[in-house]
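Asker: One structure follows; several queries about it will come next.
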Amino acid sequence: MSKAAQKHGGSSAPPGQDDDICPVCKSARYLNPNMRFLVNPTCYHKMCESCVDRIFSQGPAPCPVAGCGRTLRKQRFRRQTFEDLQIEREVDIRRRVSTIFNRREEEFLDLRNWNDYLENVETLTFNLLYNIEVPETEAKLAAYAAQNSDSISRNAALASAEHDSTEAAFAAQKQAARVRREESLREDEEDRQDRLREDREAQERIAQGSTAKVTLKKSTARRKDGAKGAASSGNAGPSAAPAFEIQGLKPVAAPEPTKAYDPFGGLRIRSEYFAQQRSCEHPWLDKAKNDPAIVTGGYDVREYCARAMVEAFAGMGVFVDDEVGTGGGQAAATERAAIAAGTDNRTEDVL
Amino acid sequence: MILLNEDDIYRSSTQYKFWSFTLDSLSSLRNTTNTLAANGVREAVLQQKQKSAGVGNIEDVTIDCLTVEEEQKLVGFYCVKAMQLADFCDFPTNVKVRLVPSCPFAYQIADVSRAAQATAVQYLKRFYLSNSPMTYHPKEIMRSAVFLSTKTENHYTSLRSFVAKLPKTTADDILAPEFLLTQGLRFTFDVRHPHRALEGGFMECLAIARGQRGELLKNTMMRIGSSEHWKKGAAKDTDQLVARIQGAHGRAKDTLKTSALLTDVYFHYTPSQIWLSAFLLADQPLTEFFVESAMPANSDMKQRLVNVLRGCAKMLSASLSADPGDAEMKELMEIDKKLYKCRNPEKIDLVSMNKAAKREGGQEGELDEKVIKKRKLEREQKADDVFGPPI
């Protein structure tokens, strides 16, 4: 707390604690310096801690403030956050409403709908705040909560995830800043050590009177560069964190589950002229099948067979005279070639 | 989902897209190339004469240029030479399992050397579709083509060891035409050969013969009668059938190694058709049976395919011999002599052409440092200006 605040007579006590007399038992802070005031969010009447203990330890009891008489429980008494109890109450109500009406803007088709929704919620809140039609409003609230429990819990999960991510980003930023600070401190320290050592060496040299070659001092900037290079290669962990974070990014909806990768992009090879059989025999291949020089590397002789088979028939039905010669044929050919060209290399890889 | 069959796979190749021609389009392309090259030669010679003789003393020069047929013979001869060179350079011709030096863990079953050889020949043939021997002499292009094919076919050979095997050749001689060659190939290095396809067909035939594709097919195969090279009639047992297939396979392989390379079949037919044609030459009834078994049942393509195969087989059997006789050699000498007189004088020195095309141009010491520095400065200024120099 600043000096100015103290000068104006304000104390460093939390809000609601600067009254000196308890409205229930009339005891003063003068007699009990440790006196603390508590409120109950049912009626927001203030009383001291010892009164709460005294009146409500036996169980629920009516509020001791004259003219109130509402039943209070000890469990719900708490320290107040705001100086003004009206505000305390409003915040509580708004918090309660917003946990139920937690729709998001992206759920609405257009801005108009979103604004209408907000207005409705605000009317409800207003009614609760100023005690207008309270039972109807409460009924509305309960009905809405019952009907939309799914979306409420979903949005609550989203909100908490957002909260977590901002927290994490914030923590990461802090951590990065700390690391930077430490690093710069360390650098300064090293710098100092270096300078000291150099000075000592120079002194020794002078003392010995040797004519050893005078080494030029590294400039501070260069030394720093070198140190930085060493540091970054040493601990790439925390210093590799990005220097700044973009906050408040719109959280992206979970992507669709990815399909199995298809290296051919939907193209299939259908052999028209031969039945693809994986076992083929060839006098050359007998030796190759069991040669460790070939098998160890992972080469499968059947790959060769498959390739040879496809090559044996590739183009059997392509009649160059007809397809290349006439204009129409050429066009058809290029069209088909274009279809095939998209997968040119990839199909070959497989064969 | 798009379904592709084997034909679509072939249609996706550059060989189909850029290097397939009909008979007419191929010959017209060659004629155009020849005419253009002849014009180029005349112009270049005229210019040279003007330069040496000075202005005002220009006679109309008449140069006896090569005809398309002569060009063809010459290129064919150098194709044979390329094959011999590949053999000589110890690119082994026997089929074996090779270790690919670039990736020691990947093994490849392929006759790499034969592929290199065959690829070199195809490179030459493709190059001389759009270029004429009058412009670039095949002797120079041939060495480069062989070297390039060792690279594209995974049979890596160092330039030094390659040059060491050739008489009176420097590394520059090999490298200078290389870019020209790749340009002539339209940067498509993939050549689809029928060799591996033949092995595939052979395996399929063996599978049928051993009854792996059903007894019915096997029995039909057993009943196939005699052919030109198989005089024993229908096979009595599986071993005989296998022997018949092996014989046909061997003969087809020989055809593919020589005639298929020296003729234009690569331009007119697909690898699948080429090996089937070679097989047809080796054993006709067997091939016809095979085609029938491979085709879908209700297709009318069979007859069409057989006709195409006959055409291809005819072309294969009319190939140049791989070993030119004396008369042929004499003719070739004549052509070469004629070529000596009608070469394009601008394109003779490929090595210095190549150097001039490079950045700094010329040999070291030819340009003084000032010029080099100036050019460098100009380049840097150009690089600074994002939108290039003012119009």
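Ordered as shown in the structure tokens, chains take letters A, B, and onward, while each chain numbers its residues from 1 and ligands are numbered from 1 in the order shown.
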Could you give me, as JSON lines, a per-residue list for chain A showing, wherever an atom lies at most 7 Å from an atom of chain B, the closest pair of atoms and their distance in Å to one decimal, using only C-alpha atoms and sorting by chain then residue number from low to high?
Answerer:
```
{"residue": "A:Gly266", "atom": "CA", "partner": "B:Met1", "partner_atom": "CA", "distance": 4.8}
{"residue": "A:Leu267", "atom": "CA", "partner": "B:Ile2", "partner_atom": "CA", "distance": 4.9}
{"residue": "A:Arg268", "atom": "CA", "partner": "B:Leu3", "partner_atom": "CA", "distance": 4.9}
{"residue": "A:Ile269", "atom": "CA", "partner": "B:Leu4", "partner_atom": "CA", "distance": 4.8}
{"residue": "A:Arg270", "atom": "CA", "partner": "B:Asn5", "partner_atom": "CA", "distance": 5.0}
{"residue": "A:Ser271", "atom": "CA", "partner": "B:Asn5", "partner_atom": "CA", "distance": 5.4}
{"residue": "A:Glu272", "atom": "CA", "partner": "B:Asn5", "partner_atom": "CA", "distance": 6.0}
{"residue": "A:Tyr273", "atom": "CA", "partner": "B:Ala294", "partner_atom": "CA", "distance": 4.9}
{"residue": "A:Phe274", "atom": "CA", "partner": "B:Ala294", "partner_atom": "CA", "distance": 5.8}
{"residue": "A:Cys280", "atom": "CA", "partner": "B:Met203", "partner_atom": "CA", "distance": 6.2}
{"residue": "A:Glu281", "atom": "CA", "partner": "B:Met203", "partner_atom": "CA", "distance": 6.0}
{"residue": "A:His282", "atom": "CA", "partner": "B:Met203", "partner_atom": "CA", "distance": 6.0}
{"residue": "A:Ile294", "atom": "CA", "partner": "B:Tyr107", "partner_atom": "CA", "distance": 6.1}
{"residue": "A:Gly297", "atom": "CA", "partner": "B:Phe105", "partner_atom": "CA", "distance": 5.5}
{"residue": "A:Tyr299", "atom": "CA", "partner": "B:Tyr107", "partner_atom": "CA", "distance": 6.8}
{"residue": "A:Tyr304", "atom": "CA", "partner": "B:Ile109", "partner_atom": "CA", "distance": 7.0}
{"residue": "A:Cys305", "atom": "CA", "partner": "B:Gly200", "partner_atom": "CA", "distance": 6.7}
{"residue": "A:Ala308", "atom": "CA", "partner": "B:Gly200", "partner_atom": "CA", "distance": 4.3}
{"residue": "A:Met309", "atom": "CA", "partner": "B:Gly200", "partner_atom": "CA", "distance": 4.4}
{"residue": "A:Val310", "atom": "CA", "partner": "B:Glu6", "partner_atom": "CA", "distance": 6.5}
{"residue": "A:Glu311", "atom": "CA", "partner": "B:Ala197", "partner_atom": "CA", "distance": 4.7}
{"residue": "A:Ala312", "atom": "CA", "partner": "B:Ala197", "partner_atom": "CA", "distance": 3.7}
{"residue": "A:Phe313", "atom": "CA", "partner": "B:Ser272", "partner_atom": "CA", "distance": 5.4}
{"residue": "A:Ala314", "atom": "CA", "partner": "B:Glu6", "partner_atom": "CA", "distance": 4.3}
{"residue": "A:Gly315", "atom": "CA", "partner": "B:Asp7", "partner_atom": "CA", "distance": 4.3}
{"residue": "A:Met316", "atom": "CA", "partner": "B:Ser272", "partner_atom": "CA", "distance": 5.2}
{"residue": "A:Gly317", "atom": "CA", "partner": "B:Asp7", "partner_atom": "CA", "distance": 6.1}
{"residue": "A:Val318", "atom": "CA", "partner": "B:Asp7", "partner_atom": "CA", "distance": 6.2}
{"residue": "A:Val320", "atom": "CA", "partner": "B:His268", "partner_atom": "CA", "distance": 6.1}
{"residue": "A:Asp321", "atom": "CA", "partner": "B:Thr22", "partner_atom": "CA", "distance": 5.1}
{"residue": "A:Val324", "atom": "CA", "partner": "B:Phe21", "partner_atom": "CA", "distance": 6.4}
{"residue": "A:Gly325", "atom": "CA", "partner": "B:Thr22", "partner_atom": "CA", "distance": 5.8}
{"residue": "A:Arg336", "atom": "CA", "partner": "B:Asp8", "partner_atom": "CA", "distance": 6.8}
{"residue": "A:Ala337", "atom": "CA", "partner": "B:Ser12", "partner_atom": "CA", "distance": 4.8}
{"residue": "A:Ala340", "atom": "CA", "partner": "B:Ser12", "partner_atom": "CA", "distance": 5.1}
{"residue": "A:Ala341", "atom": "CA", "partner": "B:Ser12", "partner_atom": "CA", "distance": 4.9}
{"residue": "A:Asp344", "atom": "CA", "partner": "B:Ser12", "partner_atom": "CA", "distance": 6.0}
```
Asker: Apply DSSP to the structure's backbone, then extract all residues of region 47-210 of chain A labelled strand (DSSP E or B) and return them as JSON, numbers by chain.
Answerer: {"A": [47, 48, 61, 62, 71, 72, 78]}
Asker: Out of B:Ala209, B:Gly325, B:Val80, B:Leu261, which residue has the shortest atom-to-atom distance to Ala243 (chain B) when counting only C-alpha atoms?
Answerer: B:Ala209
Asker: Could you jot down the CA of Arg160 (chain B) to CA of Met134 (chain B) separation for me, Å, one decimal place?
Answerer: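 These two atoms are separated by 28.9 Å.
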Asker: Smallest atom-to-atom distance to Val68 (chain B): which of B:Tyr136, B:Thr182, B:Lys355, B:Asn34, using only C-alpha atoms?
Answerer: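 Counting only C-alpha atoms, the residue closest to Val68 (chain B) is B:Asn34.
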Asker: Using only C-alpha atoms, pick whichever of B:Glu153, B:Glu369, B:Asp264, B:Glu140 has the shortest atom-to-atom distance to Ser319 (chain B).
Answerer: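 Nearest candidate to Ser319 (chain B) out of B:Glu153, B:Glu369, B:Asp264, B:Glu140: B:Asp264.
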Asker: Quick check, in Å to one decimal: how far apart do CA of Glu331 (chain B) and CA of Cys65 (chain B) lie?
Answerer: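 That distance, rounded to one decimal, is 15.7 Å.
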Asker: Quick one: residues within 8 Å of Leu281 (chain B), only C-alpha atoms, excluding same-chain residues fewer than 3 positions away - as a list in words?
Answerer: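 With the cut-off at 8 Å, the set is Ala252, Ser277, Ala278, Gln284 and Ala313 of chain B.
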Asker: Quick one: everything within 7 Å of Phe77 (chain A), counting only C-alpha atoms, minus sequence neighbours fewer than 5 positions away in the same chain. Send it as a tab-separated table (two decimals) with N, CA, C and O atoms, in the first residue's frame.
Answerer:
```tsv
chain	number	residue	atom	x	y	z
A	38	LEU	N	-17.07	-11.05	8.95
A	38	LEU	CA	-17.47	-12.00	7.94
A	38	LEU	C	-18.86	-11.64	7.43
A	38	LEU	O	-19.62	-10.97	8.13
A	39	VAL	N	-19.17	-12.10	6.19
A	39	VAL	CA	-20.54	-11.90	5.68
A	39	VAL	C	-21.07	-13.24	5.19
A	39	VAL	O	-20.29	-14.15	4.85
A	40	ASN	N	-22.37	-13.34	5.13
A	40	ASN	CA	-23.00	-14.52	4.56
A	40	ASN	C	-23.72	-14.10	3.30
A	40	ASN	O	-24.47	-13.13	3.32
```
Asker: Counting only C-alpha atoms, what is within 12 Å of Thr137 (chain A), bar same-chain residues fewer than 5 positions away, as a list in words?
Answerer: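 Close residues of Thr137 (chain A): Val97, Asn120, Val121, Glu122, Thr123, Leu124, Thr125, Phe126, Asn127, Leu128, Leu129, Tyr130, Asn131, Ile132, Ala142, Ala143 and Tyr144 of chain A.
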Asker: Residues of region 51-207 of chain A in helix (DSSP H, G or I) according to DSSP, as a PyMOL selection string?
Answerer: chain A and resi 51-56+74-76+85-100+105-107+111-129+134-147+149-207
Asker: May I have the residues within 7 Å of Cys51 (chain A) as a PDB file with all heavy atoms, in the first residue's frame, using only C-alpha atoms and disregarding those fewer than 4 positions away in the same chain?
Answerer:
```
ATOM      1  N   CYS A  25     -22.463  -7.527  18.272  1.00  0.00           N
ATOM      2  CA  CYS A  25     -22.097  -7.580  19.685  1.00  0.00           C
ATOM      3  C   CYS A  25     -21.532  -6.252  20.188  1.00  0.00           C
ATOM      4  O   CYS A  25     -21.232  -6.111  21.375  1.00  0.00           O
ATOM      5  CB  CYS A  25     -21.120  -8.713  19.951  1.00  0.00           C
ATOM      6  SG  CYS A  25     -19.575  -8.513  19.052  1.00  0.00           S
ATOM      7  N   MET A  47     -20.832  -9.299  10.395  1.00  0.00           N
ATOM      8  CA  MET A  47     -20.661  -9.489  11.841  1.00  0.00           C
ATOM      9  C   MET A  47     -19.274 -10.037  12.101  1.00  0.00           C
ATOM     10  O   MET A  47     -18.619 -10.543  11.188  1.00  0.00           O
ATOM     11  CB  MET A  47     -21.752 -10.403  12.411  1.00  0.00           C
ATOM     12  CG  MET A  47     -21.815 -11.775  11.800  1.00  0.00           C
ATOM     13  SD  MET A  47     -23.329 -12.642  12.195  1.00  0.00           S
ATOM     14  CE  MET A  47     -24.477 -11.926  11.058  1.00  0.00           C
ATOM     15  N   ILE A  55     -23.087 -17.656  17.591  1.00  0.00           N
ATOM     16  CA  ILE A  55     -24.496 -17.834  17.226  1.00  0.00           C
ATOM     17  C   ILE A  55     -24.723 -19.099  16.402  1.00  0.00           C
ATOM     18  O   ILE A  55     -25.675 -19.834  16.599  1.00  0.00           O
ATOM     19  CB  ILE A  55     -25.015 -16.602  16.477  1.00  0.00           C
ATOM     20  CG1 ILE A  55     -24.901 -15.363  17.370  1.00  0.00           C
ATOM     21  CG2 ILE A  55     -26.464 -16.791  16.044  1.00  0.00           C
ATOM     22  CD1 ILE A  55     -25.098 -14.065  16.648  1.00  0.00           C
TER      23      ILE A  55
END
```
